[in-house]
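Source file: query_31.txt; contents: compact mmCIF, C-alpha atoms.
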```txt
# COMPACT_ATOMS: atom_id res chain seq x y z
CA MET L 273 14.91 -43.65 57.35
CA SER L 274 12.82 -46.76 56.92
CA TYR L 275 9.71 -46.39 54.83
CA LYS L 276 6.66 -48.57 55.04
CA PHE L 277 6.04 -48.52 51.30
CA HIS L 278 8.71 -49.77 48.93
CA GLN L 279 8.73 -49.30 45.20
CA PHE L 280 8.95 -52.46 43.11
CA GLN L 281 9.31 -53.15 39.42
CA VAL L 282 7.30 -56.26 38.56
CA VAL L 283 7.54 -58.01 35.21
CA GLY L 284 5.18 -60.78 34.16
CA ARG L 285 3.34 -62.32 31.26
CA GLY L 286 0.70 -64.90 30.46
CA LEU L 287 1.88 -68.48 30.11
CA PRO L 288 2.78 -69.48 26.55
CA THR L 289 0.09 -71.60 24.83
CA GLU L 290 -0.13 -73.38 21.50
CA THR L 291 -1.88 -70.38 19.90
CA ASP L 292 0.48 -67.80 21.40
CA GLU L 293 4.05 -68.96 21.69
CA HIS L 294 5.46 -65.62 22.83
CA PRO L 295 2.91 -63.68 24.85
CA LYS L 296 3.53 -60.01 25.48
CA ILE L 297 5.54 -59.17 28.59
CA TYR L 298 4.22 -56.49 30.90
CA ARG L 299 6.12 -54.41 33.40
CA MET L 300 4.66 -52.39 36.25
CA LYS L 301 6.09 -50.10 38.87
CA LEU L 302 4.10 -50.19 42.03
CA TRP L 303 4.24 -49.55 45.76
CA ALA L 304 3.76 -52.23 48.35
CA THR L 305 5.03 -53.01 51.81
CA ASN L 306 6.80 -56.18 50.68
CA GLU L 307 7.49 -58.33 47.63
CA VAL L 308 4.62 -60.72 48.16
CA ARG L 309 2.11 -57.90 48.21
CA ALA L 310 3.77 -56.34 45.18
CA LYS L 311 3.29 -59.50 43.14
CA SER L 312 -0.31 -59.74 44.21
CA LYS L 313 -0.92 -56.10 43.29
CA PHE L 314 0.66 -56.72 39.90
CA TRP L 315 -1.82 -59.46 39.09
CA TYR L 316 -4.67 -57.31 40.37
CA PHE L 317 -3.84 -54.54 37.95
CA LEU L 318 -2.96 -56.82 35.07
CA ARG L 319 -6.26 -58.66 35.39
CA LYS L 320 -8.05 -55.36 34.93
CA LEU L 321 -6.08 -54.52 31.79
CA LYS L 322 -5.51 -57.84 30.03
CA LYS L 323 -7.18 -61.26 29.95
CA VAL L 324 -4.62 -62.93 32.22
CA LYS L 325 -4.66 -64.17 35.80
CA LYS L 326 -2.07 -65.41 38.22
CA SER L 327 -3.13 -69.00 37.52
CA ASN L 328 -2.39 -68.71 33.80
CA GLY L 329 0.51 -66.29 34.03
CA GLN L 330 4.07 -66.26 35.24
CA MET L 331 6.12 -63.76 37.16
CA LEU L 332 9.38 -63.04 35.38
CA ALA L 333 11.13 -60.56 37.64
CA ILE L 334 10.56 -58.45 40.69
CA ASN L 335 13.12 -55.91 41.78
CA GLU L 336 13.04 -53.19 44.36
CA ILE L 337 13.66 -49.70 43.05
CA PHE L 338 15.74 -47.50 45.31
CA GLU L 339 16.01 -43.74 45.31
CA LYS L 340 18.85 -42.45 43.19
CA ASN L 341 19.53 -39.22 45.13
CA PRO L 342 18.15 -39.50 48.65
CA THR L 343 20.09 -36.42 49.76
CA THR L 344 18.36 -33.87 47.53
CA ILE L 345 14.92 -32.40 48.02
CA LYS L 346 12.41 -32.89 45.23
CA ASN L 347 8.83 -31.92 44.60
CA TYR L 348 6.75 -34.98 43.84
CA GLY L 349 3.43 -34.83 42.03
CA ILE L 350 1.23 -37.88 42.55
CA TRP L 351 -1.86 -38.67 40.50
CA LEU L 352 -4.13 -41.10 42.22
CA ARG L 353 -7.53 -42.73 42.00
CA TYR L 354 -9.30 -43.49 45.22
CA GLN L 355 -12.55 -44.94 46.36
CA SER L 356 -14.60 -42.81 48.69
CA ARG L 357 -17.85 -43.77 50.37
CA THR L 358 -19.80 -42.53 47.35
CA GLY L 359 -17.66 -43.42 44.35
CA TYR L 360 -14.29 -43.21 42.66
CA HIS L 361 -12.40 -39.95 42.30
CA ASN L 362 -9.15 -38.81 40.75
CA MET L 363 -6.78 -36.57 42.60
CA TYR L 364 -3.49 -34.81 42.11
CA LYS L 365 -1.33 -34.15 45.15
CA GLU L 366 2.07 -32.60 45.64
CA TYR L 367 4.68 -33.40 48.26
CA ARG L 368 8.14 -32.17 49.05
CA ASP L 369 10.47 -34.93 50.16
CA THR L 370 13.90 -36.39 49.62
CA THR L 371 12.71 -39.74 48.27
CA LEU L 372 9.75 -40.91 46.22
CA ASN L 373 8.94 -43.57 48.82
CA GLY L 374 8.75 -40.82 51.42
CA GLY L 375 6.40 -38.82 49.23
CA ILE L 376 4.17 -41.84 48.66
CA GLU L 377 4.07 -42.56 52.36
CA GLN L 378 3.08 -38.95 53.01
CA MET L 379 0.34 -39.35 50.44
CA TYR L 380 -1.08 -42.47 52.05
CA THR L 381 -1.09 -40.96 55.50
CA GLU L 382 -2.61 -37.71 54.24
CA MET L 383 -5.38 -39.52 52.34
CA ALA L 384 -6.13 -41.54 55.45
CA SER L 385 -6.30 -38.47 57.66
CA ARG L 386 -7.99 -35.97 55.35
CA HIS L 387 -10.37 -38.25 53.46
CA ARG L 388 -10.54 -41.39 55.63
CA VAL L 389 -9.37 -43.48 52.67
CA ARG L 390 -7.56 -46.67 53.61
CA HIS L 391 -4.54 -47.65 51.58
CA HIS L 392 -6.19 -50.53 49.76
CA CYS L 393 -8.69 -48.12 48.24
CA ILE L 394 -5.96 -46.00 46.65
CA GLN L 395 -4.43 -46.65 43.23
CA VAL L 396 -1.41 -44.63 42.24
CA ILE L 397 -1.80 -43.69 38.59
CA LYS L 398 1.37 -41.76 38.03
CA THR L 399 4.15 -40.06 39.92
CA ALA L 400 6.59 -37.45 38.68
CA THR L 401 9.32 -35.18 39.98
CA ILE L 402 8.04 -31.70 39.31
CA PRO L 403 10.41 -28.80 38.79
CA ALA L 404 9.69 -25.90 41.08
CA LYS L 405 8.17 -23.72 38.35
CA LEU L 406 5.42 -26.19 37.57
CA CYS L 407 4.20 -26.90 41.07
CA LYS L 408 0.56 -26.15 41.54
CA ARG L 409 -0.04 -26.24 45.26
CA GLU L 410 0.67 -23.25 47.46
CA SER L 411 1.75 -25.46 50.33
CA THR L 412 4.72 -26.76 48.32
CA LYS L 413 5.38 -23.46 46.54
CA GLN L 414 5.86 -21.61 49.81
CA PHE L 415 9.10 -23.54 50.38
CA HIS L 416 10.52 -22.59 47.00
CA ASN L 417 12.45 -19.73 48.48
CA SER L 418 16.23 -19.78 48.51
CA LYS L 419 16.30 -17.30 51.42
CA ILE L 420 13.73 -19.13 53.49
CA LYS L 421 13.70 -18.03 57.09
CA PHE L 422 11.24 -18.65 59.88
CA PRO L 423 11.43 -18.98 63.65
CA LEU L 424 10.48 -22.10 65.55
CA VAL L 425 7.68 -20.65 67.54
CA PHE L 426 7.74 -22.81 70.59
CA LYS L 427 10.27 -25.23 71.92
CA LYS L 428 9.02 -28.63 72.95
CA VAL L 429 10.97 -29.86 75.98
CA ARG L 430 11.63 -33.57 75.57
CA PRO L 431 13.88 -35.99 77.44
CA PRO L 432 16.63 -37.17 75.08
CA THR L 433 15.60 -40.79 75.35
CA ARG L 434 12.26 -42.44 76.04
CA LYS L 435 13.83 -44.15 79.07
CA LEU L 436 14.15 -40.80 80.85
CA LYS L 437 10.47 -39.99 80.40
CA THR L 438 8.58 -39.38 83.69
CA THR L 439 4.87 -38.94 84.20
CA TYR L 440 5.22 -36.11 86.70
CA LYS L 441 7.51 -33.10 86.55
CA ALA L 442 8.56 -30.82 89.39
CA SER L 443 8.01 -27.59 87.46
CA ARG L 444 6.18 -26.33 84.39
CA PRO L 445 8.29 -26.28 81.25
CA ASN L 446 9.44 -23.05 79.64
CA LEU L 447 8.30 -23.20 76.04
CA PHE L 448 9.98 -20.04 74.84
CA VAL L 449 12.49 -20.76 72.14
CA MET B 115 9.84 -10.41 72.52
CA PRO B 116 10.92 -10.96 68.92
CA PHE B 117 12.60 -14.11 67.75
CA LYS B 118 16.36 -14.18 67.41
CA ARG B 119 17.11 -17.69 66.19
CA TYR B 120 15.60 -18.54 62.82
CA VAL B 121 15.50 -21.68 60.79
CA GLU B 122 17.49 -20.67 57.72
CA VAL B 123 20.12 -22.07 55.40
CA GLY B 124 23.35 -22.01 57.38
CA ARG B 125 21.87 -22.11 60.89
CA VAL B 126 23.86 -24.35 63.21
CA ALA B 127 21.70 -26.56 65.40
CA LEU B 128 22.20 -29.16 68.09
CA VAL B 129 20.50 -32.54 67.74
CA ASN B 130 18.64 -33.26 70.96
CA TYR B 131 17.02 -36.64 70.27
CA GLY B 132 17.79 -39.78 68.40
CA LYS B 133 20.78 -41.52 66.95
CA ASP B 134 22.80 -38.32 66.35
CA TYR B 135 22.18 -36.94 69.83
CA GLY B 136 24.59 -34.18 70.81
CA LYS B 137 25.90 -33.46 67.33
CA LEU B 138 26.21 -29.99 65.87
CA VAL B 139 24.65 -29.92 62.41
CA VAL B 140 24.04 -27.25 59.81
CA ILE B 141 20.61 -26.69 58.28
CA VAL B 142 21.28 -26.93 54.59
CA ASP B 143 17.74 -26.72 53.20
CA VAL B 144 14.15 -26.79 54.39
CA ILE B 145 11.99 -29.66 53.16
CA ASP B 146 8.70 -28.52 54.58
CA GLN B 147 7.13 -27.14 57.71
CA ASN B 148 8.45 -29.92 59.93
CA ARG B 149 11.65 -31.16 58.37
CA ALA B 150 15.00 -29.83 57.28
CA LEU B 151 17.82 -31.22 55.24
CA VAL B 152 20.78 -31.27 57.56
CA ASP B 153 24.49 -31.87 57.11
CA ALA B 154 27.63 -32.21 59.23
CA PRO B 155 31.22 -33.04 58.31
CA ASP B 156 30.98 -36.57 59.71
CA MET B 157 27.56 -37.69 58.52
CA VAL B 158 25.67 -38.31 55.31
CA ARG B 159 23.35 -35.44 54.42
CA GLY B 160 19.87 -36.39 55.62
CA GLN B 161 16.53 -35.14 56.75
CA ILE B 162 15.63 -34.47 60.35
CA ASN B 163 12.54 -33.21 62.10
CA PHE B 164 12.69 -29.76 63.73
CA LYS B 165 11.46 -31.37 66.93
CA ARG B 166 14.83 -33.08 67.17
CA LEU B 167 16.81 -29.86 66.76
CA THR B 168 17.60 -26.97 69.06
CA LEU B 169 18.77 -23.91 67.17
CA THR B 170 21.93 -22.15 68.30
CA ASP B 171 23.04 -18.56 67.85
CA ILE B 172 25.67 -19.56 65.33
CA LYS B 173 25.04 -19.10 61.62
CA ILE B 174 27.41 -19.70 58.74
CA ASP B 175 27.33 -18.26 55.26
CA ILE B 176 26.40 -20.92 52.71
CA LYS B 177 24.11 -21.26 49.74
CA ARG B 178 21.33 -23.86 49.66
CA VAL B 179 22.68 -27.43 49.70
CA PRO B 180 26.42 -26.92 49.32
CA ASN B 181 28.64 -29.89 48.64
CA LYS B 182 30.62 -31.39 51.51
CA LYS B 183 33.86 -29.58 50.66
CA THR B 184 32.20 -26.14 50.56
CA LEU B 185 30.38 -26.93 53.78
CA ILE B 186 33.56 -27.85 55.63
CA ALA B 187 35.30 -24.74 54.29
CA ALA B 188 32.41 -22.56 55.43
CA LEU B 189 32.48 -24.17 58.87
CA GLU B 190 36.18 -23.35 59.14
CA ALA B 191 35.62 -19.79 57.93
CA GLY B 192 32.81 -19.26 60.40
CA ASP B 193 34.97 -20.72 63.20
CA VAL B 194 31.98 -22.68 64.42
CA LYS B 195 33.93 -25.13 66.58
CA ASN B 196 35.67 -22.42 68.62
CA LYS B 197 32.57 -20.25 68.88
CA TRP B 198 30.65 -23.25 70.19
CA GLU B 199 33.29 -24.39 72.66
CA ASN B 200 33.67 -20.89 74.06
CA SER B 201 29.97 -20.20 74.37
CA SER B 202 28.45 -20.81 77.79
CA TRP B 203 26.11 -23.48 76.35
CA GLY B 204 28.98 -25.30 74.68
CA ARG B 205 31.15 -25.15 77.79
CA LYS B 206 28.33 -26.57 79.92
CA LEU B 207 27.97 -29.52 77.59
CA ILE B 208 31.70 -30.20 77.68
CA VAL B 209 31.67 -30.17 81.48
CA GLN B 210 28.67 -32.53 81.53
CA LYS B 211 30.47 -34.93 79.24
CA LYS B 212 33.61 -34.78 81.35
CA ARG B 213 31.68 -35.47 84.53
CA ALA B 214 29.92 -38.44 82.94
CA SER B 215 33.20 -39.99 81.86
CA LEU B 216 35.00 -39.85 85.23
CA ASN B 217 36.35 -42.98 86.85
CA ASP B 218 36.50 -43.59 90.58
CA PHE B 219 40.03 -42.24 90.96
CA ASP B 220 39.04 -39.00 89.20
CA ARG B 221 36.08 -38.63 91.52
CA PHE B 222 38.40 -39.13 94.50
CA LYS B 223 40.68 -36.40 93.19
CA ILE B 224 37.69 -34.11 92.72
CA MET B 225 36.58 -34.79 96.30
CA LEU B 226 39.99 -33.75 97.63
CA ALA B 227 40.03 -30.66 95.44
CA LYS B 228 36.54 -29.67 96.64
CA ILE B 229 37.56 -30.06 100.29
CA LYS B 230 40.64 -27.94 99.69
CA LYS B 231 38.63 -25.22 97.88
CA ALA B 232 36.03 -25.17 100.66
CA GLY B 233 38.83 -24.82 103.25
CA VAL B 234 40.32 -21.81 101.47
CA VAL B 235 36.90 -20.16 101.12
CA ARG B 236 36.16 -20.68 104.80
CA GLN B 237 39.51 -19.15 105.82
CA GLU B 238 38.73 -16.01 103.79
CA LEU B 239 35.24 -15.86 105.29
CA ALA B 240 36.67 -16.14 108.82
CA LYS B 241 39.09 -13.29 108.05
CA LEU B 242 36.26 -11.06 106.78
CA LYS B 243 34.11 -11.89 109.81
CA LYS B 244 36.94 -10.95 112.18
CA GLU B 245 37.36 -7.60 110.42
CA ALA B 246 33.65 -6.88 110.57
CA ALA B 247 33.43 -7.78 114.27
```

Could I get this file's structure written as C-alpha cells?
Amino acid sequence: MSYKFHQFQVVGRGLPTETDEHPKIYRMKLWATNEVRAKSKFWYFLRKLKKVKKSNGQMLAINEIFEKNPTTIKNYGIWLRYQSRTGYHNMYKEYRDTTLNGGIEQMYTEMASRHRVRHHCIQVIKTATIPAKLCKRESTKQFHNSKIKFPLVFKKVRPPTRKLKTTYKASRPNLFV
Amino acid sequence: MPFKRYVEVGRVALVNYGKDYGKLVVIVDVIDQNRALVDAPDMVRGQINFKRLTLTDIKIDIKRVPNKKTLIAALEAGDVKNKWENSSWGRKLIVQKKRASLNDFDRFKIMLAKIKKAGVVRQELAKLKKEAA
C-alpha cells in the first residue's frame, strides 16, 4: 500500500554563533509527501516557535519513520488545527487503520471532502494510538466488536482488470450478493 | 430474501481484482466499513477493500487476528481446500484455468474427443428416434 503522506523525523538547530556556541537542537515529527517538503515544513514550524530561520540554521538529520506493526489494526486519534474560510479551529478526529500514515491520509481526504480544507491549511498537532476503551467517536466504536458480522448489501460487478472494461454491456448486471 | 454470506471473522473470500486476483483469503478482522484485514497461508497479512472480495459460503472457526500457525491449522481443520475444490464454483474456476493453459496439441485432442462424444450422442438419438417412429 503506497501512501501519499510519509512521516519524517527532522532534526535541526540554529547555526552556532560567537554568543551561542551550542544552540539547542530541535526535533520534529511531521508528515509530508517527500523529504524536501518535510524540511521546508520543519523550518516553517520552527520559525513560529523560535527565532531561527533556514538561512541561519542547519538541518542535522532527516529520517523517514515507518510503521512498526502494519499488520495490526489500531485506532488513531488525531488532533489538528485547520484554517477555514472564517478563522482557525481545532479538531479531534479518530480513524481506524493499520498504519499511522494511512490514518493521516484518511484525515486529509476527509477534511478536504467534509470541510473543503486543503492540506496546506492543516497542521497536525498530535497523534496517538487510542485503546478501544477511550475512543470517543461512534463511527470507530461500532467496529470494536469481536463478533462483528454484517452482510455486503450489494455486489458490484467489475471486470477483473481495467483492460477488460467495456462501455456497453449486453445485459443488466445482477447486483444481488 | 435474507442474506446468507456475512462479512465476519473467519469468512473465506475470493479476491476478484488486483494483484492477488483469484486467491482464497480469510477475513481476519474488519478495519472499517470498507476494508478488512485479510490473511492467507502464502501472503503477508494485509488490508483489502470489500469491493475486491467476493464472499464464499465457507467459514472457518478462528478468533480475531490469529497468528499464521493457528490460521493454517484452522484452515486444515475446516477442510477449506477440499470444500472449495468440490464446490461447483471452485470446480468452474479450475476448469477455466485448465482451458486457459492448454497448448495447441491439447486443443487438438479436445477436438477429437468432442467429435467422438457427439458421434456417440447422435447414435443414441438415432436409436431413440427409430423406436419412437

Which residues are near Leu151 in chain B? Cut-off 12 Å, all atoms listed in the file, ignore same chain within fewer than 2 positions. Put them as a compact mmCIF listing (two decimals) with C-alpha atoms, in the coordinates of the input.
```txt
# COMPACT_ATOMS: atom_id res chain seq x y z
CA PRO L 342 18.15 -39.50 48.65
CA THR L 343 20.09 -36.42 49.76
CA THR L 344 18.36 -33.87 47.53
CA ILE L 345 14.92 -32.40 48.02
CA LYS L 346 12.41 -32.89 45.23
CA ARG L 368 8.14 -32.17 49.05
CA ASP L 369 10.47 -34.93 50.16
CA THR L 370 13.90 -36.39 49.62
CA VAL B 121 15.50 -21.68 60.79
CA GLU B 122 17.49 -20.67 57.72
CA VAL B 123 20.12 -22.07 55.40
CA GLY B 124 23.35 -22.01 57.38
CA ARG B 125 21.87 -22.11 60.89
CA ALA B 127 21.70 -26.56 65.40
CA VAL B 139 24.65 -29.92 62.41
CA VAL B 140 24.04 -27.25 59.81
CA ILE B 141 20.61 -26.69 58.28
CA VAL B 142 21.28 -26.93 54.59
CA ASP B 143 17.74 -26.72 53.20
CA VAL B 144 14.15 -26.79 54.39
CA ILE B 145 11.99 -29.66 53.16
CA ASP B 146 8.70 -28.52 54.58
CA GLN B 147 7.13 -27.14 57.71
CA ASN B 148 8.45 -29.92 59.93
CA ARG B 149 11.65 -31.16 58.37
CA ASP B 153 24.49 -31.87 57.11
CA ALA B 154 27.63 -32.21 59.23
CA VAL B 158 25.67 -38.31 55.31
CA ARG B 159 23.35 -35.44 54.42
CA GLY B 160 19.87 -36.39 55.62
CA GLN B 161 16.53 -35.14 56.75
CA ILE B 162 15.63 -34.47 60.35
CA ASN B 163 12.54 -33.21 62.10
CA PHE B 164 12.69 -29.76 63.73
CA LEU B 167 16.81 -29.86 66.76
CA ARG B 178 21.33 -23.86 49.66
CA VAL B 179 22.68 -27.43 49.70
CA PRO B 180 26.42 -26.92 49.32
```

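Here CA of Asn306 in chain L is placed at a distance of 14.7 Å from CA of Ile376 in chain L.
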
Dump as JSON lines the rows for residues of chain L within 10 Å of chain B: closest atom pair and distance in Å with one decimal, all atoms listed in the file counted, ordered by chain and rising residue number.
```
{"residue": "L:Met273", "atom": "CA", "partner": "B:Gln161", "partner_atom": "CA", "distance": 8.7}
{"residue": "L:Pro342", "atom": "CA", "partner": "B:Gly160", "partner_atom": "CA", "distance": 7.8}
{"residue": "L:Thr343", "atom": "CA", "partner": "B:Arg159", "partner_atom": "CA", "distance": 5.8}
{"residue": "L:Thr344", "atom": "CA", "partner": "B:Val179", "partner_atom": "CA", "distance": 8.1}
{"residue": "L:Ile345", "atom": "CA", "partner": "B:Ile145", "partner_atom": "CA", "distance": 6.5}
{"residue": "L:Lys346", "atom": "CA", "partner": "B:Ile145", "partner_atom": "CA", "distance": 8.6}
{"residue": "L:Asn347", "atom": "CA", "partner": "B:Ile145", "partner_atom": "CA", "distance": 9.4}
{"residue": "L:Tyr367", "atom": "CA", "partner": "B:Asp146", "partner_atom": "CA", "distance": 8.9}
{"residue": "L:Arg368", "atom": "CA", "partner": "B:Ile145", "partner_atom": "CA", "distance": 6.2}
{"residue": "L:Asp369", "atom": "CA", "partner": "B:Ile145", "partner_atom": "CA", "distance": 6.3}
{"residue": "L:Thr370", "atom": "CA", "partner": "B:Gln161", "partner_atom": "CA", "distance": 7.7}
{"residue": "L:Ser411", "atom": "CA", "partner": "B:Asp146", "partner_atom": "CA", "distance": 8.7}
{"residue": "L:Thr412", "atom": "CA", "partner": "B:Asp146", "partner_atom": "CA", "distance": 7.6}
{"residue": "L:Gln414", "atom": "CA", "partner": "B:Asp146", "partner_atom": "CA", "distance": 8.9}
{"residue": "L:Phe415", "atom": "CA", "partner": "B:Asp146", "partner_atom": "CA", "distance": 6.5}
{"residue": "L:His416", "atom": "CA", "partner": "B:Val144", "partner_atom": "CA", "distance": 9.2}
{"residue": "L:Asn417", "atom": "CA", "partner": "B:Val144", "partner_atom": "CA", "distance": 9.4}
{"residue": "L:Ser418", "atom": "CA", "partner": "B:Arg178", "partner_atom": "CA", "distance": 6.6}
{"residue": "L:Lys419", "atom": "CA", "partner": "B:Glu122", "partner_atom": "CA", "distance": 7.2}
{"residue": "L:Ile420", "atom": "CA", "partner": "B:Glu122", "partner_atom": "CA", "distance": 5.9}
{"residue": "L:Lys421", "atom": "CA", "partner": "B:Glu122", "partner_atom": "CA", "distance": 4.7}
{"residue": "L:Phe422", "atom": "CA", "partner": "B:Tyr120", "partner_atom": "CA", "distance": 5.3}
{"residue": "L:Pro423", "atom": "CA", "partner": "B:Tyr120", "partner_atom": "CA", "distance": 4.3}
{"residue": "L:Leu424", "atom": "CA", "partner": "B:Tyr120", "partner_atom": "CA", "distance": 6.8}
{"residue": "L:Val425", "atom": "CA", "partner": "B:Phe117", "partner_atom": "CA", "distance": 8.2}
{"residue": "L:Lys427", "atom": "CA", "partner": "B:Lys165", "partner_atom": "CA", "distance": 8.0}
{"residue": "L:Lys428", "atom": "CA", "partner": "B:Lys165", "partner_atom": "CA", "distance": 7.0}
{"residue": "L:Val429", "atom": "CA", "partner": "B:Lys165", "partner_atom": "CA", "distance": 9.2}
{"residue": "L:Arg430", "atom": "CA", "partner": "B:Tyr131", "partner_atom": "CA", "distance": 8.2}
{"residue": "L:Pro431", "atom": "CA", "partner": "B:Tyr131", "partner_atom": "CA", "distance": 7.9}
{"residue": "L:Pro432", "atom": "CA", "partner": "B:Tyr131", "partner_atom": "CA", "distance": 4.9}
{"residue": "L:Thr433", "atom": "CA", "partner": "B:Tyr131", "partner_atom": "CA", "distance": 6.7}
{"residue": "L:Arg434", "atom": "CA", "partner": "B:Tyr131", "partner_atom": "CA", "distance": 9.5}
{"residue": "L:Phe448", "atom": "CA", "partner": "B:Phe117", "partner_atom": "CA", "distance": 9.6}
{"residue": "L:Val449", "atom": "CA", "partner": "B:Phe117", "partner_atom": "CA", "distance": 8.0}
```

Protein, DNA and RNA residues within 6 Å of (1.7, -41.6, 44.3), all atoms listed in the file, as an mmCIF file with C-alpha atoms, in the frame of the given file:
```
data_model
loop_
_atom_site.group_PDB
_atom_site.id
_atom_site.type_symbol
_atom_site.label_atom_id
_atom_site.label_comp_id
_atom_site.auth_asym_id
_atom_site.auth_seq_id
_atom_site.Cartn_x
_atom_site.Cartn_y
_atom_site.Cartn_z
ATOM 1 C CA ILE L 350 1.230 -37.880 42.550
ATOM 2 C CA TRP L 351 -1.860 -38.670 40.500
ATOM 3 C CA ILE L 376 4.170 -41.840 48.660
ATOM 4 C CA VAL L 396 -1.410 -44.630 42.240
ATOM 5 C CA THR L 399 4.150 -40.060 39.920
#
```

Shortest contact to Glu199 in chain B, candidates B:Met225, B:Glu238, B:Ile172, B:Leu216, atoms counted only C-alpha atoms, goes to B:Ile172

For CA of Glu245 in chain B and CA of Ala227 in chain B, quote the distance in Å rounded to one decimal.
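CA of Ala227 in chain B lies 27.6 Å from CA of Glu245 in chain B.
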
Would you kindly return, as number ranges by chain, each protein, DNA or RNA residue with an atom no farther than 12 Å from any atom of Val308 in chain L, considering all atoms listed in the file and excluding same-chain residues fewer than 4 positions away? L: 278, 280, 282, 303-304, 312-315, 331, 334-336

Considering only C-alpha atoms, tabulate each residue of range 343-423 of chain L that lies at most 10 Å from range 289-302 of chain L along with its nearest interatomic pair and the corresponding distance in Å to one decimal; arrange the rows by chain and ascending residue number and present them as JSON lines.
```
{"residue": "L:Gln395", "atom": "CA", "partner": "L:Leu302", "partner_atom": "CA", "distance": 9.3}
{"residue": "L:Val396", "atom": "CA", "partner": "L:Leu302", "partner_atom": "CA", "distance": 7.8}
{"residue": "L:Ile397", "atom": "CA", "partner": "L:Leu302", "partner_atom": "CA", "distance": 9.4}
{"residue": "L:Lys398", "atom": "CA", "partner": "L:Lys301", "partner_atom": "CA", "distance": 9.6}
```

Fill in: CA of Leu287 in chain L to CA of Lys326 in chain L, straight-line distance in Å
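Between CA of Lys326 in chain L and CA of Leu287 in chain L the gap is 9.5 Å.
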
List every protein, DNA or RNA residue with an atom no more than 10 Å from (-14.6, -43.5, 47.4) in the file's coordinates, counting all atoms listed in the file, and format the result as an MDAnalysis selection string. chainID L and resid 353:362 387:390 393:394

Residues at most 10 Å from range 192-194 of chain B, counting all atoms listed in the file, excluding those fewer than 6 positions away in the same chain, as a PyMOL selection string? chain B and resi 126+138+172-175+186+200

Self-check item: Long-range neighbours of Ile402 in chain L as a ChimeraX atom specification, 8 Å cut-off, all atoms listed in the file, 2 positions minimum in chain
Solution: /L:346-349,400,404,406-407
